[in-house]
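Engineer: File coords-v9.txt below, compact mmCIF, C-alpha atoms and all ligand atoms:
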```txt
# COMPACT_ATOMS: atom_id res chain seq x y z
CA MET A 1 0.00 0.00 0.00
CA ARG A 2 1.51 3.27 -1.12
CA ILE A 3 0.43 6.54 0.49
CA ALA A 4 1.30 9.84 -1.20
CA VAL A 5 1.30 13.27 0.37
CA LEU A 6 1.61 16.39 -1.77
CA ARG A 7 2.60 19.97 -1.19
CA GLU A 8 -0.59 21.98 -0.88
CA GLN A 9 -1.24 24.19 -3.92
CA THR A 10 -3.83 26.61 -2.49
CA ALA A 11 -2.53 30.09 -1.65
CA ASN A 12 -1.81 30.60 2.06
CA GLU A 13 -2.45 26.95 2.86
CA THR A 14 0.35 26.11 5.26
CA ARG A 15 -1.02 22.84 6.63
CA VAL A 16 0.05 19.38 5.57
CA ALA A 17 -1.82 16.06 5.72
CA VAL A 18 0.80 14.03 7.63
CA THR A 19 3.34 14.68 10.34
CA PRO A 20 6.46 12.56 10.92
CA GLU A 21 4.73 11.00 13.95
CA VAL A 22 1.85 9.86 11.75
CA VAL A 23 4.21 8.64 8.98
CA ALA A 24 5.70 6.22 11.51
CA LYS A 25 2.20 4.85 12.21
CA TYR A 26 1.49 4.28 8.50
CA VAL A 27 4.85 2.56 8.09
CA GLY A 28 3.85 0.37 11.03
CA PHE A 29 0.77 -0.73 9.04
CA GLY A 30 3.09 -1.90 6.26
CA ALA A 31 2.55 1.14 4.04
CA THR A 32 5.18 3.06 2.13
CA VAL A 33 4.81 6.81 2.39
CA ALA A 34 6.01 9.14 -0.36
CA ILE A 35 6.10 12.83 0.45
CA GLU A 36 6.59 15.61 -2.05
CA LYS A 37 9.69 17.61 -1.19
CA GLY A 38 8.94 20.53 1.12
CA ALA A 39 5.32 19.47 1.79
CA GLY A 40 5.68 20.14 5.52
CA GLU A 41 7.61 23.41 5.28
CA GLY A 42 4.60 25.61 6.10
CA SER A 43 4.17 23.68 9.33
CA ARG A 44 7.90 23.66 10.15
CA LEU A 45 8.12 19.94 9.37
CA LEU A 46 11.34 19.11 7.57
CA ASP A 47 11.95 16.53 4.86
CA LYS A 48 14.67 15.08 7.09
CA ASP A 49 12.16 14.46 9.91
CA TYR A 50 9.79 12.69 7.50
CA LYS A 51 12.69 10.61 6.20
CA ASP A 52 13.75 9.66 9.71
CA ALA A 53 10.17 8.54 10.36
CA GLY A 54 10.35 6.17 7.38
CA ALA A 55 8.97 8.19 4.45
CA SER A 56 10.64 8.67 1.10
CA ILE A 57 10.96 12.19 -0.25
CA SER A 58 9.89 12.70 -3.88
CA THR A 59 11.27 15.58 -5.89
CA SER A 60 7.92 16.27 -7.57
CA ALA A 61 4.20 15.68 -7.07
CA ALA A 62 4.20 13.34 -10.08
CA THR A 63 6.87 11.11 -8.51
CA ALA A 64 5.09 11.09 -5.16
CA VAL A 65 1.71 10.02 -6.57
CA LYS A 66 3.09 7.44 -9.01
CA GLY A 67 1.37 4.14 -8.18
CA ALA A 68 -0.28 5.55 -5.04
CA ASP A 69 -3.18 3.65 -3.47
CA VAL A 70 -4.00 6.58 -1.19
CA VAL A 71 -3.42 10.32 -1.59
CA LEU A 72 -3.79 12.42 1.55
CA THR A 73 -4.39 16.15 1.18
CA VAL A 74 -5.60 19.17 3.09
CA ARG A 75 -7.44 20.88 0.19
CA ARG A 76 -8.99 19.52 -2.99
CA PRO A 77 -6.29 18.60 -5.54
CA THR A 78 -6.70 18.84 -9.31
CA PRO A 79 -6.95 15.72 -11.49
CA GLU A 80 -3.67 16.78 -13.19
CA LEU A 81 -1.86 16.67 -9.88
CA LEU A 82 -3.07 13.13 -9.23
CA LYS A 83 -2.06 11.75 -12.63
CA GLY A 84 -0.14 8.52 -12.15
CA ALA A 85 -1.96 7.43 -8.98
CA LYS A 86 -3.75 4.06 -9.21
CA LYS A 87 -7.09 4.13 -11.01
CA ASN A 88 -9.20 3.66 -7.87
CA ALA A 89 -6.85 5.43 -5.46
CA LEU A 90 -8.45 6.90 -2.35
CA VAL A 91 -8.18 10.67 -2.20
CA MET A 92 -8.88 12.06 1.25
CA GLY A 93 -9.00 15.64 2.39
CA MET A 94 -11.27 18.60 3.01
CA LEU A 95 -12.58 18.59 -0.56
CA ASP A 96 -15.17 21.34 0.01
CA PRO A 97 -17.67 19.85 -2.48
CA PHE A 98 -20.60 22.28 -2.12
CA GLY A 99 -20.29 24.94 -4.80
CA HIS A 100 -17.44 23.01 -6.43
CA GLU A 101 -19.46 20.27 -8.10
CA LYS A 102 -17.59 20.74 -11.39
CA GLU A 103 -14.15 20.22 -9.86
CA ILE A 104 -15.38 17.25 -7.82
CA GLY A 105 -17.04 15.82 -10.93
CA ALA A 106 -13.72 15.97 -12.80
CA LEU A 107 -11.95 14.11 -10.01
CA ALA A 108 -14.74 11.54 -9.89
CA LYS A 109 -14.53 11.02 -13.63
CA ALA A 110 -10.82 10.33 -13.34
CA GLY A 111 -11.81 7.30 -11.24
CA TYR A 112 -10.62 8.23 -7.77
CA ALA A 113 -12.48 7.22 -4.63
CA LEU A 114 -13.08 10.63 -3.08
CA PHE A 115 -13.54 11.10 0.65
CA THR A 116 -14.36 14.48 2.13
CA MET A 117 -13.51 14.76 5.78
CA GLU A 118 -15.92 17.63 6.53
CA PHE A 119 -18.81 15.16 6.13
CA MET A 120 -17.64 12.94 8.98
CA PRO A 121 -20.68 12.27 11.18
CA ARG A 122 -20.49 13.93 14.59
CA ILE A 123 -20.98 10.71 16.52
CA THR A 124 -18.88 9.46 19.41
CA ARG A 125 -17.00 6.85 17.33
CA ALA A 126 -15.89 9.51 14.86
CA GLN A 127 -14.85 12.25 17.29
CA VAL A 128 -11.20 11.46 16.69
CA MET A 129 -11.76 11.95 12.94
CA ASP A 130 -13.71 15.21 13.27
CA VAL A 131 -11.69 17.72 11.23
CA LEU A 132 -14.32 20.44 11.63
CA SER A 133 -13.85 20.32 15.39
CA SER A 134 -10.08 19.99 15.43
CA GLN A 135 -9.64 22.95 13.10
CA ALA A 136 -12.50 25.12 14.46
CA ASN A 137 -11.15 24.76 17.98
CA LEU A 138 -7.76 26.14 16.90
CA ALA A 139 -9.43 28.83 14.78
CA GLY A 140 -11.47 30.01 17.79
CA TYR A 141 -8.29 30.36 19.79
CA GLN A 142 -6.48 32.15 16.97
CA ALA A 143 -9.36 34.59 16.44
CA VAL A 144 -8.91 35.91 19.98
CA ILE A 145 -5.13 36.11 19.55
CA GLU A 146 -5.60 38.12 16.33
CA ALA A 147 -8.10 40.38 18.09
CA SER A 148 -5.74 40.98 21.00
CA TYR A 149 -2.98 41.88 18.56
CA ALA A 150 -5.14 44.38 16.69
CA PHE A 151 -6.51 45.85 19.93
CA ASP A 152 -4.51 48.72 21.34
CA ARG A 153 -5.33 47.99 24.96
CA ALA A 154 -4.77 45.12 27.38
CA PHE A 155 -7.24 42.26 27.84
CA PRO A 156 -6.89 41.66 31.59
CA MET A 157 -7.66 44.08 34.36
CA MET A 158 -4.39 45.46 35.73
CA MET A 159 -4.23 47.29 39.01
CA THR A 160 -0.94 49.15 39.04
CA ALA A 161 0.60 52.00 41.01
CA ALA A 162 -0.04 54.22 38.01
CA GLY A 163 -3.71 53.33 37.79
CA THR A 164 -6.14 50.60 36.86
CA VAL A 165 -6.56 49.22 33.36
CA ARG A 166 -10.07 47.88 32.93
CA PRO A 167 -10.58 44.43 31.39
CA ALA A 168 -11.61 44.15 27.74
CA LYS A 169 -15.27 43.33 27.19
CA THR A 170 -15.48 40.45 24.71
CA PHE A 171 -18.64 39.16 23.06
CA VAL A 172 -18.69 35.87 21.15
CA MET A 173 -21.54 35.28 18.67
CA GLY A 174 -22.12 31.58 18.00
CA ALA A 175 -21.03 29.19 20.74
CA GLY A 176 -20.17 26.08 18.71
CA VAL A 177 -16.71 24.55 18.72
CA ALA A 178 -14.90 27.72 17.59
CA GLY A 179 -16.98 30.03 19.76
CA LEU A 180 -16.49 28.00 22.93
CA GLN A 181 -12.72 28.00 22.41
CA ALA A 182 -12.85 31.76 21.77
CA ILE A 183 -14.72 32.21 25.05
CA ALA A 184 -12.19 30.06 26.92
CA THR A 185 -9.24 31.89 25.34
CA ALA A 186 -10.61 35.37 26.02
CA LYS A 187 -11.30 34.28 29.60
CA ARG A 188 -7.73 33.03 30.01
CA LEU A 189 -6.50 36.40 28.80
CA GLY A 190 -8.59 38.07 31.48
CA ALA A 191 -11.44 39.54 29.43
CA VAL A 192 -14.99 39.91 30.67
CA VAL A 193 -16.78 37.52 28.33
CA SER A 194 -20.36 37.20 27.12
CA ALA A 195 -21.75 35.09 24.31
CA THR A 196 -24.87 34.33 22.34
CA ASP A 197 -26.22 31.44 20.30
CA VAL A 198 -29.58 30.34 18.93
CA ARG A 199 -29.23 26.82 20.33
CA PRO A 200 -30.53 26.52 23.89
CA ALA A 201 -27.89 23.87 24.74
CA ALA A 202 -25.21 26.53 24.26
CA LYS A 203 -26.37 28.50 27.32
CA GLU A 204 -25.06 25.99 29.84
CA GLN A 205 -21.80 25.54 27.89
CA VAL A 206 -21.17 29.29 27.80
CA GLU A 207 -21.88 29.60 31.51
CA SER A 208 -19.67 26.64 32.39
CA LEU A 209 -16.76 28.55 30.81
CA GLY A 210 -17.54 31.61 32.90
CA GLY A 211 -19.27 33.58 30.14
CA LYS A 212 -22.54 35.47 30.45
CA PHE A 213 -25.25 34.21 28.07
CA VAL A 214 -27.10 36.89 26.10
CA ALA A 215 -30.16 35.81 24.07
CA VAL A 216 -33.91 36.22 23.68
CA GLU A 217 -35.04 33.01 25.37
CA ASP A 218 -38.59 32.69 24.01
CA ASP A 219 -40.50 29.56 22.84
CA GLU A 220 -38.86 29.59 19.41
CA PHE A 221 -35.43 29.66 21.03
CA LYS A 222 -36.31 26.64 23.18
CA GLU A 223 -36.95 24.58 20.00
CA ALA A 224 -34.11 25.99 17.95
CA GLU A 225 -31.89 22.97 17.52
CA THR A 226 -31.97 20.22 14.92
CA ALA A 227 -31.71 16.56 15.90
CA GLY A 228 -28.08 16.71 14.74
CA GLY A 229 -27.34 19.48 17.25
CA TYR A 230 -27.02 22.22 14.63
CA ALA A 231 -28.64 25.64 14.49
CA LYS A 232 -31.88 26.20 12.60
CA GLU A 233 -32.51 29.31 10.57
CA MET A 234 -34.62 31.52 12.88
CA SER A 235 -37.83 33.38 11.96
CA LYS A 236 -37.65 37.02 10.88
CA GLU A 237 -39.46 37.98 14.14
CA TYR A 238 -36.92 36.18 16.29
CA GLN A 239 -34.03 37.68 14.35
CA ALA A 240 -35.45 41.18 14.90
CA LYS A 241 -35.86 40.70 18.67
CA GLN A 242 -32.41 39.15 18.94
CA ALA A 243 -30.86 41.95 16.86
CA GLU A 244 -32.34 44.57 19.18
CA LEU A 245 -30.93 42.87 22.28
CA VAL A 246 -27.58 42.24 20.65
CA SER A 247 -27.19 45.73 19.21
CA ALA A 248 -27.53 47.32 22.66
CA HIS A 249 -24.95 44.85 23.95
CA ILE A 250 -22.47 45.29 21.08
CA ALA A 251 -22.31 49.06 21.60
CA LYS A 252 -20.59 48.38 24.94
CA GLN A 253 -18.06 45.80 23.69
CA ASP A 254 -14.35 46.17 22.94
CA ILE A 255 -13.98 42.88 21.09
CA VAL A 256 -16.57 40.87 19.14
CA ILE A 257 -15.84 37.45 17.66
CA THR A 258 -18.48 36.12 15.26
CA THR A 259 -18.63 32.40 14.40
CA ALA A 260 -22.29 31.87 13.48
CA LEU A 261 -22.97 29.29 10.78
CA ILE A 262 -25.97 27.28 9.62
CA PRO A 263 -25.12 24.11 7.67
CA GLY A 264 -25.85 24.45 3.95
CA ARG A 265 -26.93 28.13 4.22
CA PRO A 266 -25.04 31.40 3.91
CA ALA A 267 -23.79 32.73 7.25
CA PRO A 268 -26.47 34.82 9.02
CA LYS A 269 -25.80 38.58 8.96
CA LEU A 270 -25.69 39.49 12.63
CA ILE A 271 -23.82 42.81 12.74
CA THR A 272 -25.01 45.69 10.62
CA LYS A 273 -22.93 48.69 9.63
CA LYS A 274 -24.90 50.73 12.19
CA MET A 275 -23.96 48.31 14.97
CA VAL A 276 -20.29 48.60 13.98
CA GLU A 277 -20.62 52.38 14.15
CA SER A 278 -22.08 52.11 17.66
CA MET A 279 -18.80 50.65 18.95
CA ALA A 280 -16.04 52.86 20.32
CA PRO A 281 -13.10 53.54 17.98
CA GLY A 282 -10.31 51.08 18.74
CA SER A 283 -12.74 48.18 19.10
CA VAL A 284 -12.07 45.01 17.11
CA ILE A 285 -14.38 42.53 15.39
CA VAL A 286 -13.19 39.18 14.04
CA ASP A 287 -15.60 37.73 11.46
CA MET A 288 -14.82 34.03 11.49
CA ALA A 289 -17.70 33.33 9.10
CA VAL A 290 -16.19 35.52 6.36
CA GLU A 291 -15.53 32.56 4.05
CA ARG A 292 -19.24 31.66 4.11
CA GLY A 293 -20.48 35.17 3.37
CA GLY A 294 -19.72 36.75 6.74
CA ASN A 295 -21.68 37.64 9.88
CA VAL A 296 -20.71 41.30 9.64
CA GLU A 297 -22.08 43.63 6.99
CA VAL A 298 -18.80 45.44 6.40
CA SER A 299 -16.29 42.59 6.67
CA LYS A 300 -14.20 41.69 3.62
CA ARG A 301 -12.83 38.25 2.91
CA GLY A 302 -9.07 38.13 3.48
CA GLU A 303 -8.85 41.75 4.65
CA VAL A 304 -8.77 43.94 7.73
CA VAL A 305 -11.30 46.74 7.24
CA ASP A 306 -11.11 49.95 9.28
CA HIS A 307 -14.65 51.26 9.58
CA LYS A 308 -14.74 54.57 11.47
CA GLY A 309 -11.99 53.42 13.80
CA VAL A 310 -13.34 49.89 14.35
CA LYS A 311 -11.18 47.15 12.88
CA ILE A 312 -13.01 44.24 11.28
CA ILE A 313 -10.72 41.28 10.72
CA GLY A 314 -11.76 38.95 7.89
CA TYR A 315 -8.81 36.61 7.66
CA GLU A 316 -9.41 33.41 5.73
CA ASN A 317 -8.14 30.07 6.91
CA LEU A 318 -7.34 30.89 10.53
CA PRO A 319 -6.07 27.35 11.23
CA SER A 320 -3.26 27.97 8.72
CA ARG A 321 -2.04 30.77 10.98
CA LEU A 322 -1.08 28.15 13.52
CA ALA A 323 -0.15 25.53 11.02
CA ALA A 324 2.03 23.35 13.23
CA SER A 325 -0.81 22.66 15.67
CA ALA A 326 -3.42 22.46 12.92
CA SER A 327 -1.38 19.92 10.92
CA GLN A 328 -0.67 17.86 14.02
CA LEU A 329 -4.39 17.44 14.74
CA TYR A 330 -5.51 17.14 11.12
CA ALA A 331 -2.95 14.41 10.40
CA LYS A 332 -4.28 12.50 13.41
CA ASN A 333 -7.88 12.89 12.19
CA LEU A 334 -6.91 11.39 8.82
CA LEU A 335 -4.90 8.60 10.43
CA ALA A 336 -7.84 7.61 12.64
CA PHE A 337 -10.12 7.33 9.61
CA LEU A 338 -7.68 5.61 7.26
CA GLU A 339 -6.88 3.09 10.00
CA THR A 340 -10.51 1.89 9.83
CA LEU A 341 -10.06 1.19 6.11
CA ILE A 342 -6.98 -1.01 6.46
CA ASP A 343 -6.77 -4.74 7.11
CA LYS A 344 -3.76 -4.71 9.40
CA GLU A 345 -2.98 -8.43 9.07
CA LYS A 346 -3.01 -8.43 5.30
CA GLN A 347 -1.54 -4.92 5.28
CA GLU A 348 -3.88 -3.76 2.54
CA LEU A 349 -6.94 -1.59 2.06
CA ALA A 350 -10.20 -3.30 3.02
CA ILE A 351 -13.13 -0.91 2.75
CA ASN A 352 -16.62 -1.67 3.95
CA TRP A 353 -18.64 0.67 1.73
CA GLU A 354 -21.69 0.15 3.94
CA ASP A 355 -19.96 1.50 7.03
CA GLU A 356 -21.65 4.66 8.35
CA LEU A 357 -18.45 6.74 8.28
CA VAL A 358 -17.49 5.56 4.79
CA ALA A 359 -20.98 6.16 3.39
CA ALA A 360 -21.14 9.64 4.90
CA THR A 361 -17.77 10.82 3.57
CA ASN A 362 -17.45 8.98 0.24
CA LEU A 363 -18.35 11.34 -2.59
CA ALA A 364 -17.40 9.25 -5.61
CA ARG A 365 -15.94 5.93 -6.69
CA ASP A 366 -15.57 3.84 -9.87
CA GLY A 367 -15.85 6.94 -12.01
CA ALA A 368 -19.20 8.20 -10.66
CA MET A 369 -20.61 10.32 -7.84
CA VAL A 370 -22.17 8.17 -5.13
CA HIS A 371 -22.98 10.60 -2.32
CA PRO A 372 -26.75 11.20 -2.02
CA ALA A 373 -26.29 14.97 -1.66
CA PHE A 374 -24.78 15.07 -5.15
CA VAL A 375 -26.43 12.17 -6.94
CA GLU A 376 -29.91 13.54 -6.12
CA LYS A 377 -28.91 17.03 -7.19
CA LYS A 378 -28.19 15.76 -10.69
CA GLU A 379 -31.64 14.24 -11.22
P1 LIG A 401 -21.17 25.69 13.38
O1 LIG A 401 -19.76 25.96 13.04
O2 LIG A 401 -22.08 25.08 12.36
O3 LIG A 401 -21.86 27.07 13.88
C1 LIG A 401 -21.30 27.84 14.92
C2 LIG A 401 -22.35 28.25 15.92
O4 LIG A 401 -23.14 29.31 15.40
C3 LIG A 401 -23.33 27.16 16.32
O5 LIG A 401 -23.25 26.96 17.72
C4 LIG A 401 -24.68 27.73 15.90
O6 LIG A 401 -25.72 27.33 16.77
C5 LIG A 401 -24.42 29.22 15.97
N1 LIG A 401 -25.39 30.08 15.26
C6 LIG A 401 -26.02 29.87 14.09
N2 LIG A 401 -26.83 30.90 13.80
C7 LIG A 401 -26.71 31.80 14.80
C8 LIG A 401 -27.30 33.07 15.07
N3 LIG A 401 -28.18 33.62 14.24
N4 LIG A 401 -26.94 33.71 16.21
C9 LIG A 401 -26.06 33.16 17.06
N5 LIG A 401 -25.47 31.96 16.86
C10 LIG A 401 -25.80 31.29 15.75
O7 LIG A 401 -21.23 24.83 14.70
P2 LIG A 401 -20.23 23.72 15.24
O8 LIG A 401 -19.16 24.33 16.01
O9 LIG A 401 -19.87 22.83 14.13
O10 LIG A 401 -21.19 22.96 16.25
C11 LIG A 401 -22.50 22.54 15.87
C12 LIG A 401 -23.05 21.48 16.78
O11 LIG A 401 -22.32 20.27 16.66
C13 LIG A 401 -23.02 21.84 18.26
O12 LIG A 401 -24.21 21.37 18.84
C14 LIG A 401 -21.86 21.07 18.78
O13 LIG A 401 -21.96 20.80 20.16
C15 LIG A 401 -21.98 19.81 17.96
N6 LIG A 401 -20.74 19.05 17.90
C16 LIG A 401 -20.75 17.72 18.24
C17 LIG A 401 -19.60 16.98 18.19
C18 LIG A 401 -19.55 15.52 18.54
O14 LIG A 401 -18.63 14.87 18.23
N7 LIG A 401 -20.54 14.95 19.15
C19 LIG A 401 -18.42 17.58 17.79
C20 LIG A 401 -18.44 18.92 17.44
C21 LIG A 401 -19.61 19.65 17.48
```
Mind turning the file's structure into structure tokens?

Structural biologist:
Amino acid sequence: MRIAVLREQTANETRVAVTPEVVAKYVGFGATVAIEKGAGEGSRLLDKDYKDAGASISTSAATAVKGADVVLTVRRPTPELLKGAKKNALVMGMLDPFGHEKEIGALAKAGYALFTMEFMPRITRAQVMDVLSSQANLAGYQAVIEASYAFDRAFPMMMTAAGTVRPAKTFVMGAGVAGLQAIATAKRLGAVVSATDVRPAAKEQVESLGGKFVAVEDDEFKEAETAGGYAKEMSKEYQAKQAELVSAHIAKQDIVITTALIPGRPAPKLITKKMVESMAPGSVIVDMAVERGGNVEVSKRGEVVDHKGVKIIGYENLPSRLAASASQLYAKNLLAFLETLIDKEKQELAINWEDELVAATNLARDGAMVHPAFVEKKE
């Protein structure tokens, strides 16, 4: 079994799909691991370390993928990049299929068995394979670090001989994986933290981290969670009531971190231009939903906007800003999944296509799309 790992091609993508520690595990399963030269550079992982762990270093992507049974990636590769891999090779990564049906279709047509890690079910057995959580957790941390850097005051209260510095007031919108880590990080830095979410279960989680929960808790709110634990899109009436409560709160904040997402929908717009203008100059907003349309009216993807003295940070790919940690966890997520697809005695791939995790993540195989979300779309 030959596993290939390529240098990521996407701009500003500094993560890599394996670490030397994980290479050693694959070698232990009887696999050979071929890594394109410099693939780990963005995460400070050196070719020498991969070699010491048992990998071979290939001078080009084409040499690395030649005869590969499995190609591990962070982002979706192009069919050209995979040329030379075995006909039914598994290609695993965060393939971001929604909105990229054409690109996915081309990969499917080339015959690869495509697995997209973002579709991993959020069940106990698959927690160790949950790339959304591993990366969102780091992103939530990084969002607060970026905010603290852009903020021209201290986060903690400081009582000094020369006077008292008041703590930064931080408000986190959306208390999922990223939001909860943002709350915890802001707390550790000494901020006074509050948070909101439309899922009632979030209230207890926010409070357990020492945050104050801010939300309109009416009957609609009490029902506002899908069976899968995700947010529902709220009614216009609820959104109006919530916006009123939130806008009064935002005017008093120094830092706002927005993380609100609804699966399969554009990110809800939670902060209007007027709300931004209600904040004191020097305040900072981090729009973590910027890649899905943004929670803030004035945020711009990939940019830091200065709107009347308020900075709105719209960095893309926050996990790549702490690539060493992000790669470490991502590589482990992939390892945990691939391990379930290997017969360790025979040292070969043995895939049960009926398995819940396989069925949920497998987009295409044998030259055709197989995932219900995409097969149905075509009809
Ligand atoms: P997400 O990234 O899809 O969304 C972030 C948060 O935004 C969510 O908490 C959502 O409720 C919130 N949100 C949406 N619209 C909002 C609005 N208008 N105002 C305020 N907040 C809004 O969420 P996520 O981090 O992927 O987590 C989603 C769910 O999955 C949670 O219930 C989480 O506990 C659960 N989860 C389970 C597991 C597991 O393994 N069992 C792992 C991770 C997450």

Engineer: Write out as JSON lines the residues of chain A that have any atom within 8 Å of an atom of ligand LIG 401 (chain A), one row each with the nearest atom pair and its distance in Å to one decimal, counting all atoms listed in the file, sorted by chain and then rising number.

Structural biologist:
```
{"residue": "A:Pro121", "atom": "CA", "partner": "A:LIG401", "partner_atom": "O14", "distance": 7.8}
{"residue": "A:Arg122", "atom": "CA", "partner": "A:LIG401", "partner_atom": "O14", "distance": 4.2}
{"residue": "A:Ile123", "atom": "CA", "partner": "A:LIG401", "partner_atom": "N7", "distance": 5.0}
{"residue": "A:Thr124", "atom": "CA", "partner": "A:LIG401", "partner_atom": "O14", "distance": 5.5}
{"residue": "A:Ala126", "atom": "CA", "partner": "A:LIG401", "partner_atom": "O14", "distance": 6.9}
{"residue": "A:Gln127", "atom": "CA", "partner": "A:LIG401", "partner_atom": "O14", "distance": 4.7}
{"residue": "A:Asp130", "atom": "CA", "partner": "A:LIG401", "partner_atom": "C19", "distance": 6.9}
{"residue": "A:Leu132", "atom": "CA", "partner": "A:LIG401", "partner_atom": "O9", "distance": 6.5}
{"residue": "A:Ser133", "atom": "CA", "partner": "A:LIG401", "partner_atom": "C20", "distance": 5.2}
{"residue": "A:Ala136", "atom": "CA", "partner": "A:LIG401", "partner_atom": "O8", "distance": 6.9}
{"residue": "A:Met173", "atom": "CA", "partner": "A:LIG401", "partner_atom": "C9", "distance": 5.2}
{"residue": "A:Gly174", "atom": "CA", "partner": "A:LIG401", "partner_atom": "N5", "distance": 3.6}
{"residue": "A:Ala175", "atom": "CA", "partner": "A:LIG401", "partner_atom": "O5", "distance": 4.4}
{"residue": "A:Gly176", "atom": "CA", "partner": "A:LIG401", "partner_atom": "O5", "distance": 3.4}
{"residue": "A:Val177", "atom": "CA", "partner": "A:LIG401", "partner_atom": "O8", "distance": 3.7}
{"residue": "A:Ala178", "atom": "CA", "partner": "A:LIG401", "partner_atom": "O8", "distance": 5.7}
{"residue": "A:Gly179", "atom": "CA", "partner": "A:LIG401", "partner_atom": "C2", "distance": 6.8}
{"residue": "A:Thr196", "atom": "CA", "partner": "A:LIG401", "partner_atom": "C9", "distance": 5.5}
{"residue": "A:Asp197", "atom": "CA", "partner": "A:LIG401", "partner_atom": "N5", "distance": 3.6}
{"residue": "A:Val198", "atom": "CA", "partner": "A:LIG401", "partner_atom": "N5", "distance": 4.9}
{"residue": "A:Arg199", "atom": "CA", "partner": "A:LIG401", "partner_atom": "O6", "distance": 5.0}
{"residue": "A:Ala201", "atom": "CA", "partner": "A:LIG401", "partner_atom": "O12", "distance": 7.4}
{"residue": "A:Ala202", "atom": "CA", "partner": "A:LIG401", "partner_atom": "O5", "distance": 6.8}
{"residue": "A:Glu225", "atom": "CA", "partner": "A:LIG401", "partner_atom": "O6", "distance": 7.6}
{"residue": "A:Gly228", "atom": "CA", "partner": "A:LIG401", "partner_atom": "O11", "distance": 7.0}
{"residue": "A:Gly229", "atom": "CA", "partner": "A:LIG401", "partner_atom": "O12", "distance": 4.0}
{"residue": "A:Tyr230", "atom": "CA", "partner": "A:LIG401", "partner_atom": "C12", "distance": 4.6}
{"residue": "A:Ala231", "atom": "CA", "partner": "A:LIG401", "partner_atom": "O6", "distance": 4.1}
{"residue": "A:Lys232", "atom": "CA", "partner": "A:LIG401", "partner_atom": "N2", "distance": 7.0}
{"residue": "A:Glu233", "atom": "CA", "partner": "A:LIG401", "partner_atom": "N2", "distance": 6.7}
{"residue": "A:Met234", "atom": "CA", "partner": "A:LIG401", "partner_atom": "N3", "distance": 6.9}
{"residue": "A:Gln239", "atom": "CA", "partner": "A:LIG401", "partner_atom": "N3", "distance": 7.1}
{"residue": "A:Thr259", "atom": "CA", "partner": "A:LIG401", "partner_atom": "C1", "distance": 5.3}
{"residue": "A:Ala260", "atom": "CA", "partner": "A:LIG401", "partner_atom": "O4", "distance": 3.3}
{"residue": "A:Leu261", "atom": "CA", "partner": "A:LIG401", "partner_atom": "O3", "distance": 4.0}
{"residue": "A:Ile262", "atom": "CA", "partner": "A:LIG401", "partner_atom": "C6", "distance": 5.2}
{"residue": "A:Pro263", "atom": "CA", "partner": "A:LIG401", "partner_atom": "O2", "distance": 5.7}
{"residue": "A:Ala267", "atom": "CA", "partner": "A:LIG401", "partner_atom": "N2", "distance": 7.4}
{"residue": "A:Pro268", "atom": "CA", "partner": "A:LIG401", "partner_atom": "N3", "distance": 5.6}
{"residue": "A:Lys269", "atom": "CA", "partner": "A:LIG401", "partner_atom": "N3", "distance": 7.6}
{"residue": "A:Leu270", "atom": "CA", "partner": "A:LIG401", "partner_atom": "N3", "distance": 6.6}
```

Engineer: At a cut-off of 8 Å, can you tabulate as a tab-separated table every residue of region 11-43 of chain A near region 315-324 of chain A together with its closest atom pair and the distance in Å to one decimal, using only C-alpha atoms and ordering rows by chain then number?

Structural biologist:
```
residue	atom	partner	partner_atom	distance
A:Asn12	CA	A:Ser320	CA	7.3
A:Glu13	CA	A:Ser320	CA	6.0
A:Thr14	CA	A:Ser320	CA	5.3
A:Arg15	CA	A:Ala323	CA	5.2
A:Gly42	CA	A:Ala323	CA	6.8
A:Ser43	CA	A:Ala324	CA	4.5
```

Engineer: Any chance you could work out the axis-aligned box around region 307-324 of chain A, listed atoms only, 5 Å on each side, giving centre and edge lengths in Å to one decimal, as AutoDock Vina command-line options?

Structural biologist:
```
--center_x -6.4 --center_y 39.0 --center_z 10.0 --size_x 26.8 --size_y 41.2 --size_z 18.6
```

Engineer: Anything within 6 Å of (-11.8, 5.5, -12.5): list those residues as a PyMOL selection string, counting only C-alpha atoms and sticking to the file's coordinates.

Structural biologist: chain A and resi 87-88+110-112+366-367

Engineer: Hey, can you check how far CA of Gly105 (chain A) sits from CA of Asn333 (chain A)?

Structural biologist: 25.0 Å

Engineer: Counting only C-alpha atoms, find the residues whose atoms lie at most 10 Å from (-2.4, 25.9, -3.5) (file coordinates) and write them out as a PyMOL selection string.

Structural biologist: chain A and resi 7-14+74-77

Engineer: Which polymer residues have any atom within 6 Å of an atom of Ala168 (chain A), counting all atoms listed in the file, with same-chain residues fewer than 6 positions away left out, as a ChimeraX atom specification?

Structural biologist: /A:155,191,254

Engineer: What does the distance between CA of Ala331 (chain A) and CA of Val18 (chain A) come to in Å, to one decimal place?

Structural biologist: 4.7 Å

Engineer: Go through A:Arg292, A:Glu217, A:Val193, A:Leu245 and flag the residue nearest Gly99 (chain A), using all atoms listed in the file for the distances.

Structural biologist: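 Result for the nearest residue to Gly99 (chain A): A:Arg292.
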
Engineer: From the list A:Gly28, A:Gly302, A:Gly84, A:Gly314, which residue is nearest Ala68 (chain A) when using all atoms listed in the file?

Structural biologist: A:Gly84

Engineer: Write out as a PyMOL selection string the residues lying within 12 Å of Lys102 (chain A), counting only C-alpha atoms and excluding same-chain residues fewer than 3 positions away.

Structural biologist: chain A and resi 78-79+96-99+105-109+369+374+378

Engineer: Could you tell me how far CA of Val33 (chain A) lies from CA of Ala139 (chain A), in Å and to one decimal?

Structural biologist: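 Spanning CA of Val33 (chain A) to CA of Ala139 (chain A) is a straight-line distance of 29.0 Å.
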